[in-house]
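data_12.txt follows; it contains compact mmCIF, N, CA, C and O atoms.
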# COMPACT_ATOMS: atom_id res chain seq x y z
N MET A 1 -71.89 30.36 26.31
CA MET A 1 -72.05 30.22 24.88
C MET A 1 -73.35 29.46 24.62
O MET A 1 -73.56 28.40 25.18
N GLU A 2 -74.16 30.04 23.78
CA GLU A 2 -75.42 29.39 23.41
C GLU A 2 -75.21 28.59 22.14
O GLU A 2 -74.50 29.01 21.23
N VAL A 3 -75.85 27.41 22.08
CA VAL A 3 -75.83 26.57 20.89
C VAL A 3 -77.27 26.34 20.47
O VAL A 3 -78.11 25.96 21.30
N ARG A 4 -77.57 26.58 19.21
CA ARG A 4 -78.93 26.41 18.68
C ARG A 4 -78.84 25.54 17.43
O ARG A 4 -77.93 25.71 16.63
N SER A 5 -79.81 24.64 17.25
CA SER A 5 -79.87 23.79 16.06
C SER A 5 -81.12 24.13 15.28
O SER A 5 -82.20 24.30 15.86
N ILE A 6 -80.96 24.23 13.95
CA ILE A 6 -82.09 24.51 13.08
C ILE A 6 -82.04 23.61 11.84
O ILE A 6 -80.98 23.07 11.51
N VAL A 7 -83.17 23.48 11.19
CA VAL A 7 -83.28 22.76 9.92
C VAL A 7 -83.81 23.75 8.91
O VAL A 7 -84.82 24.42 9.15
N LEU A 8 -83.12 23.87 7.77
CA LEU A 8 -83.53 24.78 6.70
C LEU A 8 -83.73 23.98 5.41
O LEU A 8 -82.95 23.07 5.13
N GLY A 9 -84.72 24.37 4.64
CA GLY A 9 -84.86 23.83 3.30
C GLY A 9 -83.88 24.56 2.39
O GLY A 9 -83.48 25.70 2.68
N ALA A 10 -83.48 23.93 1.31
CA ALA A 10 -82.60 24.59 0.35
C ALA A 10 -83.30 25.84 -0.16
O ALA A 10 -84.46 25.80 -0.57
N GLY A 11 -82.64 26.98 -0.07
CA GLY A 11 -83.22 28.26 -0.48
C GLY A 11 -83.92 29.01 0.64
O GLY A 11 -84.21 30.19 0.50
N ASP A 12 -84.20 28.34 1.75
CA ASP A 12 -84.85 29.01 2.88
C ASP A 12 -83.83 29.81 3.68
O ASP A 12 -82.64 29.51 3.66
N THR A 13 -84.33 30.81 4.40
CA THR A 13 -83.44 31.65 5.21
C THR A 13 -83.87 31.64 6.67
O THR A 13 -85.02 31.35 7.00
N TYR A 14 -82.92 31.96 7.52
CA TYR A 14 -83.13 32.07 8.96
C TYR A 14 -82.49 33.38 9.39
O TYR A 14 -81.33 33.65 9.03
N GLU A 15 -83.22 34.19 10.13
CA GLU A 15 -82.70 35.46 10.61
C GLU A 15 -82.21 35.30 12.04
O GLU A 15 -82.95 34.85 12.90
N LEU A 16 -80.96 35.67 12.27
CA LEU A 16 -80.35 35.57 13.58
C LEU A 16 -80.01 36.97 14.05
O LEU A 16 -79.38 37.75 13.32
N ARG A 17 -80.40 37.30 15.27
CA ARG A 17 -80.08 38.62 15.85
C ARG A 17 -79.16 38.42 17.04
O ARG A 17 -79.45 37.64 17.93
N LEU A 18 -78.04 39.16 17.00
CA LEU A 18 -77.06 39.09 18.07
C LEU A 18 -76.79 40.50 18.58
O LEU A 18 -76.68 41.44 17.79
N THR A 19 -76.66 40.63 19.89
CA THR A 19 -76.40 41.94 20.48
C THR A 19 -74.96 42.35 20.19
O THR A 19 -74.03 41.61 20.47
N GLY A 20 -74.81 43.55 19.62
CA GLY A 20 -73.48 44.06 19.28
C GLY A 20 -72.95 44.99 20.35
O GLY A 20 -73.70 45.56 21.13
N ARG A 21 -71.65 45.14 20.37
CA ARG A 21 -70.97 46.07 21.29
C ARG A 21 -69.95 46.88 20.50
O ARG A 21 -68.81 47.04 20.90
N GLY A 22 -70.39 47.38 19.34
CA GLY A 22 -69.51 48.12 18.45
C GLY A 22 -68.90 49.36 19.08
O GLY A 22 -67.76 49.71 18.80
N ALA A 23 -69.64 50.02 19.95
CA ALA A 23 -69.13 51.22 20.60
C ALA A 23 -67.94 50.89 21.51
O ALA A 23 -67.15 51.76 21.84
N ARG A 24 -67.83 49.64 21.89
CA ARG A 24 -66.72 49.22 22.76
C ARG A 24 -65.61 48.52 21.95
O ARG A 24 -64.71 47.92 22.52
N GLY A 25 -65.73 48.57 20.63
CA GLY A 25 -64.70 48.01 19.77
C GLY A 25 -64.88 46.56 19.38
O GLY A 25 -64.00 45.97 18.75
N TYR A 26 -66.01 45.95 19.74
CA TYR A 26 -66.25 44.54 19.42
C TYR A 26 -67.04 44.41 18.13
O TYR A 26 -67.94 45.21 17.85
N VAL A 27 -66.72 43.37 17.36
CA VAL A 27 -67.47 43.04 16.15
C VAL A 27 -67.75 41.54 16.18
O VAL A 27 -67.03 40.77 16.81
N TRP A 28 -68.82 41.15 15.51
CA TRP A 28 -69.13 39.73 15.37
C TRP A 28 -68.44 39.21 14.12
O TRP A 28 -68.51 39.81 13.06
N THR A 29 -67.75 38.09 14.25
CA THR A 29 -67.17 37.38 13.12
C THR A 29 -67.80 35.99 13.09
O THR A 29 -68.39 35.56 14.08
N TRP A 30 -67.67 35.30 11.97
CA TRP A 30 -68.20 33.94 11.92
C TRP A 30 -67.31 33.06 11.07
O TRP A 30 -66.61 33.51 10.17
N GLN A 31 -67.34 31.77 11.42
CA GLN A 31 -66.63 30.73 10.68
C GLN A 31 -67.59 29.58 10.48
O GLN A 31 -68.32 29.20 11.40
N VAL A 32 -67.59 29.02 9.27
CA VAL A 32 -68.44 27.89 8.95
C VAL A 32 -67.58 26.65 8.85
O VAL A 32 -66.56 26.64 8.15
N SER A 33 -67.99 25.59 9.55
CA SER A 33 -67.28 24.32 9.46
C SER A 33 -68.28 23.23 9.08
O SER A 33 -69.48 23.47 9.02
N GLY A 34 -67.76 22.03 8.86
CA GLY A 34 -68.62 20.96 8.37
C GLY A 34 -68.75 21.11 6.86
O GLY A 34 -67.76 21.36 6.17
N HIS A 35 -69.95 21.01 6.35
CA HIS A 35 -70.22 21.24 4.92
C HIS A 35 -70.38 22.74 4.70
O HIS A 35 -71.50 23.25 4.68
N ALA A 36 -69.27 23.43 4.54
CA ALA A 36 -69.30 24.90 4.45
C ALA A 36 -70.14 25.41 3.29
O ALA A 36 -70.70 26.49 3.36
N ASP A 37 -70.24 24.62 2.20
CA ASP A 37 -71.03 25.07 1.06
C ASP A 37 -72.53 24.81 1.23
O ASP A 37 -73.33 25.16 0.38
N ALA A 38 -72.93 24.21 2.35
CA ALA A 38 -74.34 23.93 2.61
C ALA A 38 -75.13 25.18 2.97
O ALA A 38 -76.35 25.23 2.84
N VAL A 39 -74.42 26.22 3.45
CA VAL A 39 -75.08 27.44 3.89
C VAL A 39 -74.31 28.67 3.42
O VAL A 39 -73.13 28.58 3.07
N SER A 40 -74.98 29.80 3.43
CA SER A 40 -74.30 31.08 3.25
C SER A 40 -74.73 31.97 4.40
O SER A 40 -75.83 31.83 4.94
N VAL A 41 -73.85 32.88 4.79
CA VAL A 41 -74.13 33.80 5.89
C VAL A 41 -73.80 35.20 5.42
O VAL A 41 -72.78 35.42 4.78
N ARG A 42 -74.69 36.14 5.75
CA ARG A 42 -74.38 37.54 5.46
C ARG A 42 -75.02 38.41 6.52
O ARG A 42 -76.08 38.10 7.06
N GLU A 43 -74.32 39.51 6.81
CA GLU A 43 -74.87 40.48 7.76
C GLU A 43 -75.84 41.36 6.99
O GLU A 43 -75.53 41.85 5.91
N THR A 44 -77.02 41.54 7.56
CA THR A 44 -78.02 42.36 6.89
C THR A 44 -78.21 43.71 7.56
O THR A 44 -78.98 44.53 7.08
N GLY A 45 -77.51 43.95 8.66
CA GLY A 45 -77.55 45.28 9.28
C GLY A 45 -78.03 45.27 10.71
O GLY A 45 -78.24 44.22 11.31
N PRO A 46 -78.23 46.47 11.25
CA PRO A 46 -78.74 46.58 12.62
C PRO A 46 -80.14 46.00 12.72
O PRO A 46 -80.94 46.16 11.81
N GLY A 47 -80.40 45.33 13.82
CA GLY A 47 -81.71 44.73 14.03
C GLY A 47 -82.74 45.73 14.53
O GLY A 47 -83.92 45.48 14.51
N ARG A 48 -82.28 46.89 14.99
CA ARG A 48 -83.19 47.94 15.42
C ARG A 48 -82.65 49.25 14.92
O ARG A 48 -81.67 49.28 14.19
N ALA A 49 -83.25 50.33 15.30
CA ALA A 49 -82.86 51.65 14.78
C ALA A 49 -81.35 51.86 14.90
O ALA A 49 -80.75 51.58 15.92
N ALA A 50 -80.75 52.35 13.82
CA ALA A 50 -79.30 52.57 13.79
C ALA A 50 -78.88 53.75 14.65
O ALA A 50 -77.71 53.93 14.92
N ARG A 51 -79.82 54.56 15.11
CA ARG A 51 -79.49 55.73 15.92
C ARG A 51 -79.42 55.38 17.41
O ARG A 51 -80.29 55.74 18.18
N ALA A 52 -78.40 54.65 17.78
CA ALA A 52 -78.23 54.28 19.18
C ALA A 52 -77.43 55.36 19.90
O ALA A 52 -76.66 56.08 19.29
N LEU A 53 -77.65 55.46 21.18
CA LEU A 53 -76.89 56.40 21.99
C LEU A 53 -75.45 55.91 22.11
O LEU A 53 -75.19 54.70 22.03
N PRO A 54 -74.49 56.80 22.31
CA PRO A 54 -73.10 56.38 22.46
C PRO A 54 -72.96 55.34 23.57
O PRO A 54 -73.48 55.51 24.66
N GLY A 55 -72.27 54.25 23.27
CA GLY A 55 -72.05 53.19 24.24
C GLY A 55 -73.18 52.19 24.36
O GLY A 55 -73.05 51.18 25.02
N GLU A 56 -74.31 52.46 23.70
CA GLU A 56 -75.46 51.56 23.77
C GLU A 56 -75.23 50.34 22.88
O GLU A 56 -74.65 50.45 21.81
N ALA A 57 -75.69 49.20 23.34
CA ALA A 57 -75.58 47.98 22.54
C ALA A 57 -76.56 48.06 21.37
O ALA A 57 -77.69 48.55 21.51
N VAL A 58 -76.11 47.62 20.20
CA VAL A 58 -76.95 47.62 19.00
C VAL A 58 -77.04 46.19 18.49
O VAL A 58 -76.03 45.52 18.33
N GLU A 59 -78.25 45.76 18.26
CA GLU A 59 -78.47 44.41 17.77
C GLU A 59 -78.04 44.32 16.30
O GLU A 59 -78.34 45.20 15.51
N ARG A 60 -77.32 43.25 15.95
CA ARG A 60 -76.89 43.00 14.58
C ARG A 60 -77.72 41.85 14.04
O ARG A 60 -78.07 40.91 14.78
N THR A 61 -78.03 41.89 12.75
CA THR A 61 -78.87 40.87 12.13
C THR A 61 -78.09 40.15 11.04
O THR A 61 -77.41 40.78 10.24
N TYR A 62 -78.20 38.82 11.04
CA TYR A 62 -77.51 37.97 10.07
C TYR A 62 -78.52 37.06 9.40
O TYR A 62 -79.44 36.57 10.05
N GLU A 63 -78.33 36.84 8.12
CA GLU A 63 -79.20 35.94 7.36
C GLU A 63 -78.41 34.68 7.02
O GLU A 63 -77.33 34.76 6.42
N VAL A 64 -78.94 33.53 7.43
CA VAL A 64 -78.35 32.23 7.11
C VAL A 64 -79.27 31.59 6.07
O VAL A 64 -80.47 31.48 6.30
N ARG A 65 -78.70 31.19 4.94
CA ARG A 65 -79.49 30.60 3.85
C ARG A 65 -79.02 29.16 3.61
O ARG A 65 -77.83 28.90 3.49
N GLY A 66 -80.00 28.26 3.53
CA GLY A 66 -79.70 26.87 3.17
C GLY A 66 -79.40 26.79 1.68
O GLY A 66 -80.14 27.35 0.87
N ARG A 67 -78.32 26.09 1.32
CA ARG A 67 -77.94 26.02 -0.09
C ARG A 67 -77.92 24.60 -0.64
O ARG A 67 -78.44 24.36 -1.71
N SER A 68 -77.28 23.68 0.05
CA SER A 68 -77.08 22.32 -0.47
C SER A 68 -77.79 21.29 0.39
O SER A 68 -77.37 21.04 1.52
N PRO A 69 -78.86 20.67 -0.14
CA PRO A 69 -79.57 19.64 0.63
C PRO A 69 -78.63 18.51 1.02
O PRO A 69 -77.73 18.13 0.28
N GLY A 70 -78.84 17.99 2.22
CA GLY A 70 -78.03 16.91 2.73
C GLY A 70 -76.80 17.39 3.49
O GLY A 70 -76.09 16.60 4.09
N GLY A 71 -76.57 18.70 3.49
CA GLY A 71 -75.40 19.24 4.17
C GLY A 71 -75.70 19.60 5.62
O GLY A 71 -76.82 19.94 5.98
N ARG A 72 -74.67 19.52 6.43
CA ARG A 72 -74.73 19.95 7.83
C ARG A 72 -73.56 20.87 8.08
O ARG A 72 -72.41 20.52 7.80
N ALA A 73 -73.85 22.03 8.60
CA ALA A 73 -72.80 23.02 8.86
C ALA A 73 -72.93 23.54 10.28
O ALA A 73 -74.02 23.59 10.85
N ARG A 74 -71.81 23.93 10.83
CA ARG A 74 -71.77 24.58 12.15
C ARG A 74 -71.21 25.97 11.93
O ARG A 74 -70.12 26.12 11.36
N ILE A 75 -71.96 26.98 12.37
CA ILE A 75 -71.52 28.36 12.23
C ILE A 75 -71.20 28.87 13.63
O ILE A 75 -72.05 28.89 14.51
N ARG A 76 -69.94 29.26 13.81
CA ARG A 76 -69.49 29.78 15.11
C ARG A 76 -69.34 31.28 14.99
O ARG A 76 -68.48 31.78 14.26
N PHE A 77 -70.19 32.00 15.69
CA PHE A 77 -70.10 33.46 15.76
C PHE A 77 -69.28 33.80 17.00
O PHE A 77 -69.50 33.23 18.07
N ALA A 78 -68.34 34.72 16.87
CA ALA A 78 -67.51 35.14 17.99
C ALA A 78 -67.45 36.66 18.02
O ALA A 78 -67.25 37.30 16.99
N GLN A 79 -67.65 37.22 19.19
CA GLN A 79 -67.59 38.68 19.36
C GLN A 79 -66.18 39.03 19.84
O GLN A 79 -65.79 38.68 20.95
N VAL A 80 -65.43 39.67 18.95
CA VAL A 80 -64.01 39.94 19.21
C VAL A 80 -63.68 41.41 18.97
O VAL A 80 -64.45 42.14 18.36
N ARG A 81 -62.51 41.80 19.47
CA ARG A 81 -61.97 43.13 19.18
C ARG A 81 -60.80 42.92 18.22
O ARG A 81 -59.75 42.40 18.64
N PRO A 82 -60.94 43.28 16.94
CA PRO A 82 -59.90 43.00 15.94
C PRO A 82 -58.49 43.48 16.32
O PRO A 82 -57.53 42.77 16.00
N PRO A 83 -58.32 44.61 17.02
CA PRO A 83 -56.95 45.00 17.34
C PRO A 83 -56.27 44.09 18.36
O PRO A 83 -55.07 44.17 18.56
N TYR A 84 -57.04 43.22 19.00
CA TYR A 84 -56.50 42.35 20.05
C TYR A 84 -56.83 40.88 19.77
O TYR A 84 -57.60 40.25 20.51
N PRO A 85 -56.25 40.30 18.72
CA PRO A 85 -56.61 38.93 18.33
C PRO A 85 -56.24 37.87 19.38
O PRO A 85 -56.79 36.77 19.36
N GLN A 86 -55.34 38.18 20.30
CA GLN A 86 -54.94 37.22 21.32
C GLN A 86 -55.99 37.10 22.44
O GLN A 86 -55.97 36.15 23.20
N GLU A 87 -56.89 38.07 22.55
CA GLU A 87 -57.92 38.02 23.59
C GLU A 87 -58.99 36.99 23.25
O GLU A 87 -59.34 36.79 22.09
N ALA A 88 -59.52 36.37 24.28
CA ALA A 88 -60.63 35.45 24.10
C ALA A 88 -61.86 36.24 23.66
O ALA A 88 -62.01 37.41 24.02
N PRO A 89 -62.77 35.63 22.90
CA PRO A 89 -64.00 36.33 22.50
C PRO A 89 -64.79 36.79 23.72
O PRO A 89 -64.83 36.10 24.74
N TYR A 90 -65.45 37.93 23.60
CA TYR A 90 -66.31 38.45 24.65
C TYR A 90 -67.55 37.56 24.79
O TYR A 90 -68.03 37.29 25.87
N ASP A 91 -68.05 37.10 23.65
CA ASP A 91 -69.23 36.25 23.62
C ASP A 91 -69.13 35.34 22.41
O ASP A 91 -68.44 35.65 21.43
N GLU A 92 -69.82 34.20 22.46
CA GLU A 92 -69.86 33.28 21.33
C GLU A 92 -71.27 32.73 21.18
O GLU A 92 -72.03 32.64 22.15
N PHE A 93 -71.59 32.35 19.95
CA PHE A 93 -72.89 31.75 19.64
C PHE A 93 -72.65 30.73 18.54
O PHE A 93 -71.96 31.03 17.57
N VAL A 94 -73.19 29.52 18.71
CA VAL A 94 -73.01 28.47 17.71
C VAL A 94 -74.38 28.10 17.13
O VAL A 94 -75.34 27.89 17.88
N LEU A 95 -74.43 28.04 15.81
CA LEU A 95 -75.66 27.65 15.12
C LEU A 95 -75.35 26.41 14.29
O LEU A 95 -74.53 26.44 13.38
N ASP A 96 -75.99 25.29 14.64
CA ASP A 96 -75.88 24.06 13.87
C ASP A 96 -77.02 24.03 12.87
O ASP A 96 -78.19 24.19 13.26
N VAL A 97 -76.69 23.84 11.59
CA VAL A 97 -77.69 23.90 10.53
C VAL A 97 -77.69 22.60 9.73
O VAL A 97 -76.64 22.16 9.26
N GLU A 98 -78.87 22.02 9.57
CA GLU A 98 -79.06 20.89 8.66
C GLU A 98 -79.89 21.42 7.49
O GLU A 98 -80.92 22.06 7.69
N VAL A 99 -79.44 21.14 6.27
CA VAL A 99 -80.16 21.59 5.08
C VAL A 99 -80.84 20.38 4.44
O VAL A 99 -80.20 19.37 4.18
N VAL A 100 -82.15 20.52 4.22
CA VAL A 100 -82.95 19.44 3.66
C VAL A 100 -83.53 19.87 2.31
O VAL A 100 -83.54 21.05 1.97
N THR A 101 -84.03 18.90 1.55
CA THR A 101 -84.67 19.20 0.28
C THR A 101 -86.02 19.83 0.54
O THR A 101 -86.77 19.38 1.40
N GLY A 102 -86.34 20.90 -0.18
CA GLY A 102 -87.63 21.58 -0.01
C GLY A 102 -87.71 22.33 1.30
O GLY A 102 -86.71 22.53 1.97
N GLY A 103 -88.91 22.76 1.66
CA GLY A 103 -89.12 23.54 2.89
C GLY A 103 -88.91 22.69 4.12
O GLY A 103 -89.17 21.51 4.13
N ALA A 104 -88.43 23.35 5.16
CA ALA A 104 -88.16 22.63 6.43
C ALA A 104 -89.45 22.40 7.19
O ALA A 104 -90.42 23.05 7.06
Could you express the structure from this file as structure tokens?
Amino acid sequence: MEVRSIVLGAGDTYELRLTGRGARGYVWTWQVSGHADAVSVRETGPGRAARALPGEAVERTYEVRGRSPGGRARIRFAQVRPPYPQEAPYDEFVLDVEVVTGGA
């Protein structure tokens, strides 16, 4: 599991790319802890051409936006297969975010 720390200004964004395994039934999910209102997260789509070969890994892109200065949030991304919630995640990624006033 990789852990990365970043500092964002309020209103600034950070683009995160994670390798997907959708053809194998895995999806990336995320949970925000700490000051959950300090950031917003949204999936913006495939990070490369959407025309991947069957079974090929496709990069997924997520936008993290700083919202509330002074907040610290931890975003835990987990690659899971929804039909099997009892299984451990295939992969995990943690992003620690500090939001500051103005540009970072």
Exercise: A:Val41 partners within 8 Å, all atoms listed in the file, chain neighbours under 4 positions left out, as a PyMOL selection string: chain A and resi 14+36+62-66
Could you take the residues named above and write them with N, CA, C and O atoms, as a PDB file, keeping the file's coordinate frame?
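Output below, filename selection24.pdb:
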ATOM      1  N   TYR A  14     -82.920  31.960   7.520  1.00  0.00           N
ATOM      2  CA  TYR A  14     -83.130  32.070   8.960  1.00  0.00           C
ATOM      3  C   TYR A  14     -82.490  33.380   9.390  1.00  0.00           C
ATOM      4  O   TYR A  14     -81.330  33.650   9.030  1.00  0.00           O
ATOM      5  N   ALA A  36     -69.270  23.430   4.540  1.00  0.00           N
ATOM      6  CA  ALA A  36     -69.300  24.900   4.450  1.00  0.00           C
ATOM      7  C   ALA A  36     -70.140  25.410   3.290  1.00  0.00           C
ATOM      8  O   ALA A  36     -70.700  26.490   3.360  1.00  0.00           O
ATOM      9  N   TYR A  62     -78.200  38.820  11.040  1.00  0.00           N
ATOM     10  CA  TYR A  62     -77.510  37.970  10.070  1.00  0.00           C
ATOM     11  C   TYR A  62     -78.520  37.060   9.400  1.00  0.00           C
ATOM     12  O   TYR A  62     -79.440  36.570  10.050  1.00  0.00           O
ATOM     13  N   GLU A  63     -78.330  36.840   8.120  1.00  0.00           N
ATOM     14  CA  GLU A  63     -79.200  35.940   7.360  1.00  0.00           C
ATOM     15  C   GLU A  63     -78.410  34.680   7.020  1.00  0.00           C
ATOM     16  O   GLU A  63     -77.330  34.760   6.420  1.00  0.00           O
ATOM     17  N   VAL A  64     -78.940  33.530   7.430  1.00  0.00           N
ATOM     18  CA  VAL A  64     -78.350  32.230   7.110  1.00  0.00           C
ATOM     19  C   VAL A  64     -79.270  31.590   6.070  1.00  0.00           C
ATOM     20  O   VAL A  64     -80.470  31.480   6.300  1.00  0.00           O
ATOM     21  N   ARG A  65     -78.700  31.190   4.940  1.00  0.00           N
ATOM     22  CA  ARG A  65     -79.490  30.600   3.850  1.00  0.00           C
ATOM     23  C   ARG A  65     -79.020  29.160   3.610  1.00  0.00           C
ATOM     24  O   ARG A  65     -77.830  28.900   3.490  1.00  0.00           O
ATOM     25  N   GLY A  66     -80.000  28.260   3.530  1.00  0.00           N
ATOM     26  CA  GLY A  66     -79.700  26.870   3.170  1.00  0.00           C
ATOM     27  C   GLY A  66     -79.400  26.790   1.680  1.00  0.00           C
ATOM     28  O   GLY A  66     -80.140  27.350   0.870  1.00  0.00           O
TER      29      GLY A  66
END
Could you pull the residues within 8 Å of A:Asp37, counting all atoms listed in the file, minus those fewer than 4 positions along the same chain, as a PDB file with N, CA, C and O atoms, in the frame of the given file?
ATOM      1  N   VAL A  32     -67.590  29.020   9.270  1.00  0.00           N
ATOM      2  CA  VAL A  32     -68.440  27.890   8.950  1.00  0.00           C
ATOM      3  C   VAL A  32     -67.580  26.650   8.850  1.00  0.00           C
ATOM      4  O   VAL A  32     -66.560  26.640   8.150  1.00  0.00           O
ATOM      5  N   SER A  33     -67.990  25.590   9.550  1.00  0.00           N
ATOM      6  CA  SER A  33     -67.280  24.320   9.460  1.00  0.00           C
ATOM      7  C   SER A  33     -68.280  23.230   9.080  1.00  0.00           C
ATOM      8  O   SER A  33     -69.480  23.470   9.020  1.00  0.00           O
ATOM      9  N   ARG A  65     -78.700  31.190   4.940  1.00  0.00           N
ATOM     10  CA  ARG A  65     -79.490  30.600   3.850  1.00  0.00           C
ATOM     11  C   ARG A  65     -79.020  29.160   3.610  1.00  0.00           C
ATOM     12  O   ARG A  65     -77.830  28.900   3.490  1.00  0.00           O
ATOM     13  N   GLY A  66     -80.000  28.260   3.530  1.00  0.00           N
ATOM     14  CA  GLY A  66     -79.700  26.870   3.170  1.00  0.00           C
ATOM     15  C   GLY A  66     -79.400  26.790   1.680  1.00  0.00           C
ATOM     16  O   GLY A  66     -80.140  27.350   0.870  1.00  0.00           O
ATOM     17  N   ARG A  67     -78.320  26.090   1.320  1.00  0.00           N
ATOM     18  CA  ARG A  67     -77.940  26.020  -0.090  1.00  0.00           C
ATOM     19  C   ARG A  67     -77.920  24.600  -0.640  1.00  0.00           C
ATOM     20  O   ARG A  67     -78.440  24.360  -1.710  1.00  0.00           O
ATOM     21  N   SER A  68     -77.280  23.680   0.050  1.00  0.00           N
ATOM     22  CA  SER A  68     -77.080  22.320  -0.470  1.00  0.00           C
ATOM     23  C   SER A  68     -77.790  21.290   0.390  1.00  0.00           C
ATOM     24  O   SER A  68     -77.370  21.040   1.520  1.00  0.00           O
ATOM     25  N   PRO A  69     -78.860  20.670  -0.140  1.00  0.00           N
ATOM     26  CA  PRO A  69     -79.570  19.640   0.630  1.00  0.00           C
ATOM     27  C   PRO A  69     -78.630  18.510   1.020  1.00  0.00           C
ATOM     28  O   PRO A  69     -77.730  18.130   0.280  1.00  0.00           O
ATOM     29  N   GLY A  71     -76.570  18.700   3.490  1.00  0.00           N
ATOM     30  CA  GLY A  71     -75.400  19.240   4.170  1.00  0.00           C
ATOM     31  C   GLY A  71     -75.700  19.600   5.620  1.00  0.00           C
ATOM     32  O   GLY A  71     -76.820  19.940   5.980  1.00  0.00           O
ATOM     33  N   ARG A  72     -74.670  19.520   6.430  1.00  0.00           N
ATOM     34  CA  ARG A  72     -74.730  19.950   7.830  1.00  0.00           C
ATOM     35  C   ARG A  72     -73.560  20.870   8.080  1.00  0.00           C
ATOM     36  O   ARG A  72     -72.410  20.520   7.800  1.00  0.00           O
ATOM     37  N   ALA A  73     -73.850  22.030   8.600  1.00  0.00           N
ATOM     38  CA  ALA A  73     -72.800  23.020   8.860  1.00  0.00           C
ATOM     39  C   ALA A  73     -72.930  23.540  10.280  1.00  0.00           C
ATOM     40  O   ALA A  73     -74.020  23.590  10.850  1.00  0.00           O
TER      41      ALA A  73
END
Strand (DSSP E) positions in chain A, given as a ChimeraX atom specification: /A:2-9,13-20,27-34,39-46,58-66,72-80,91-100
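In terms of minimum interatomic distance to A:Ser5, A:Val94 ranks closest within A:Val99, A:Val39, A:Val94, A:Val27, counting all atoms listed in the file.
Closest to A:Glu98 among A:Arg81, A:Arg4, A:Arg60, A:Arg17 is A:Arg4, based on only C-alpha atoms.
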Best match for closeness to A:Ala78 among A:Ala10, A:Met1, A:Arg42, A:Trp28, counting only N, CA, C and O atoms: A:Trp28
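Using all atoms listed in the file for every distance, the candidate list A:Gly25, A:His35, A:Thr44, A:Gly70 yields A:Gly25 as the residue closest to A:Pro83.
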Residue nearest A:Val58 - candidates A:Val97, A:Val80, A:Leu18, A:Ala88, atoms counted: all atoms listed in the file: A:Leu18
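What separates atom C of A:Glu87 from atom CA of A:Ala57 is a distance of 19.9 Å.
Across the structure, atom C of A:Tyr26 and atom N of A:Thr61 are spaced 12.5 Å apart.
Relative to atom N of A:Trp30, atom N of A:Gln79 is found at 7.5 Å.
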Residue neighbourhood A:Phe93, 6 Å, only N, CA, C and O atoms, exclusion window fewer than 4 positions, as a PyMOL selection string: chain A and resi 1-3+75-78
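Across A:Thr101, A:Glu43, A:Tyr84, A:Glu59, the tightest approach to A:Arg21 is made by A:Glu59 when counting only N, CA, C and O atoms.
Looking only at chain A, the set that DSSP places in helix (DSSP H, G or I) from backbone geometry is A:Gly22, A:Ala23, A:Arg24, A:Ala36, A:Asp37, A:Ala38.
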Return as lines of an AutoDock Vina configuration file the centre and edge lengths, in Å with one decimal, of the box along x, y and z that encloses every atom of stretch 68-80 of chain A in the file, padded by 4 Å per side.
center_x = -71.6
center_y = 29.4
center_z = 10.2
size_x = 23.9
size_y = 33.5
size_z = 29.4
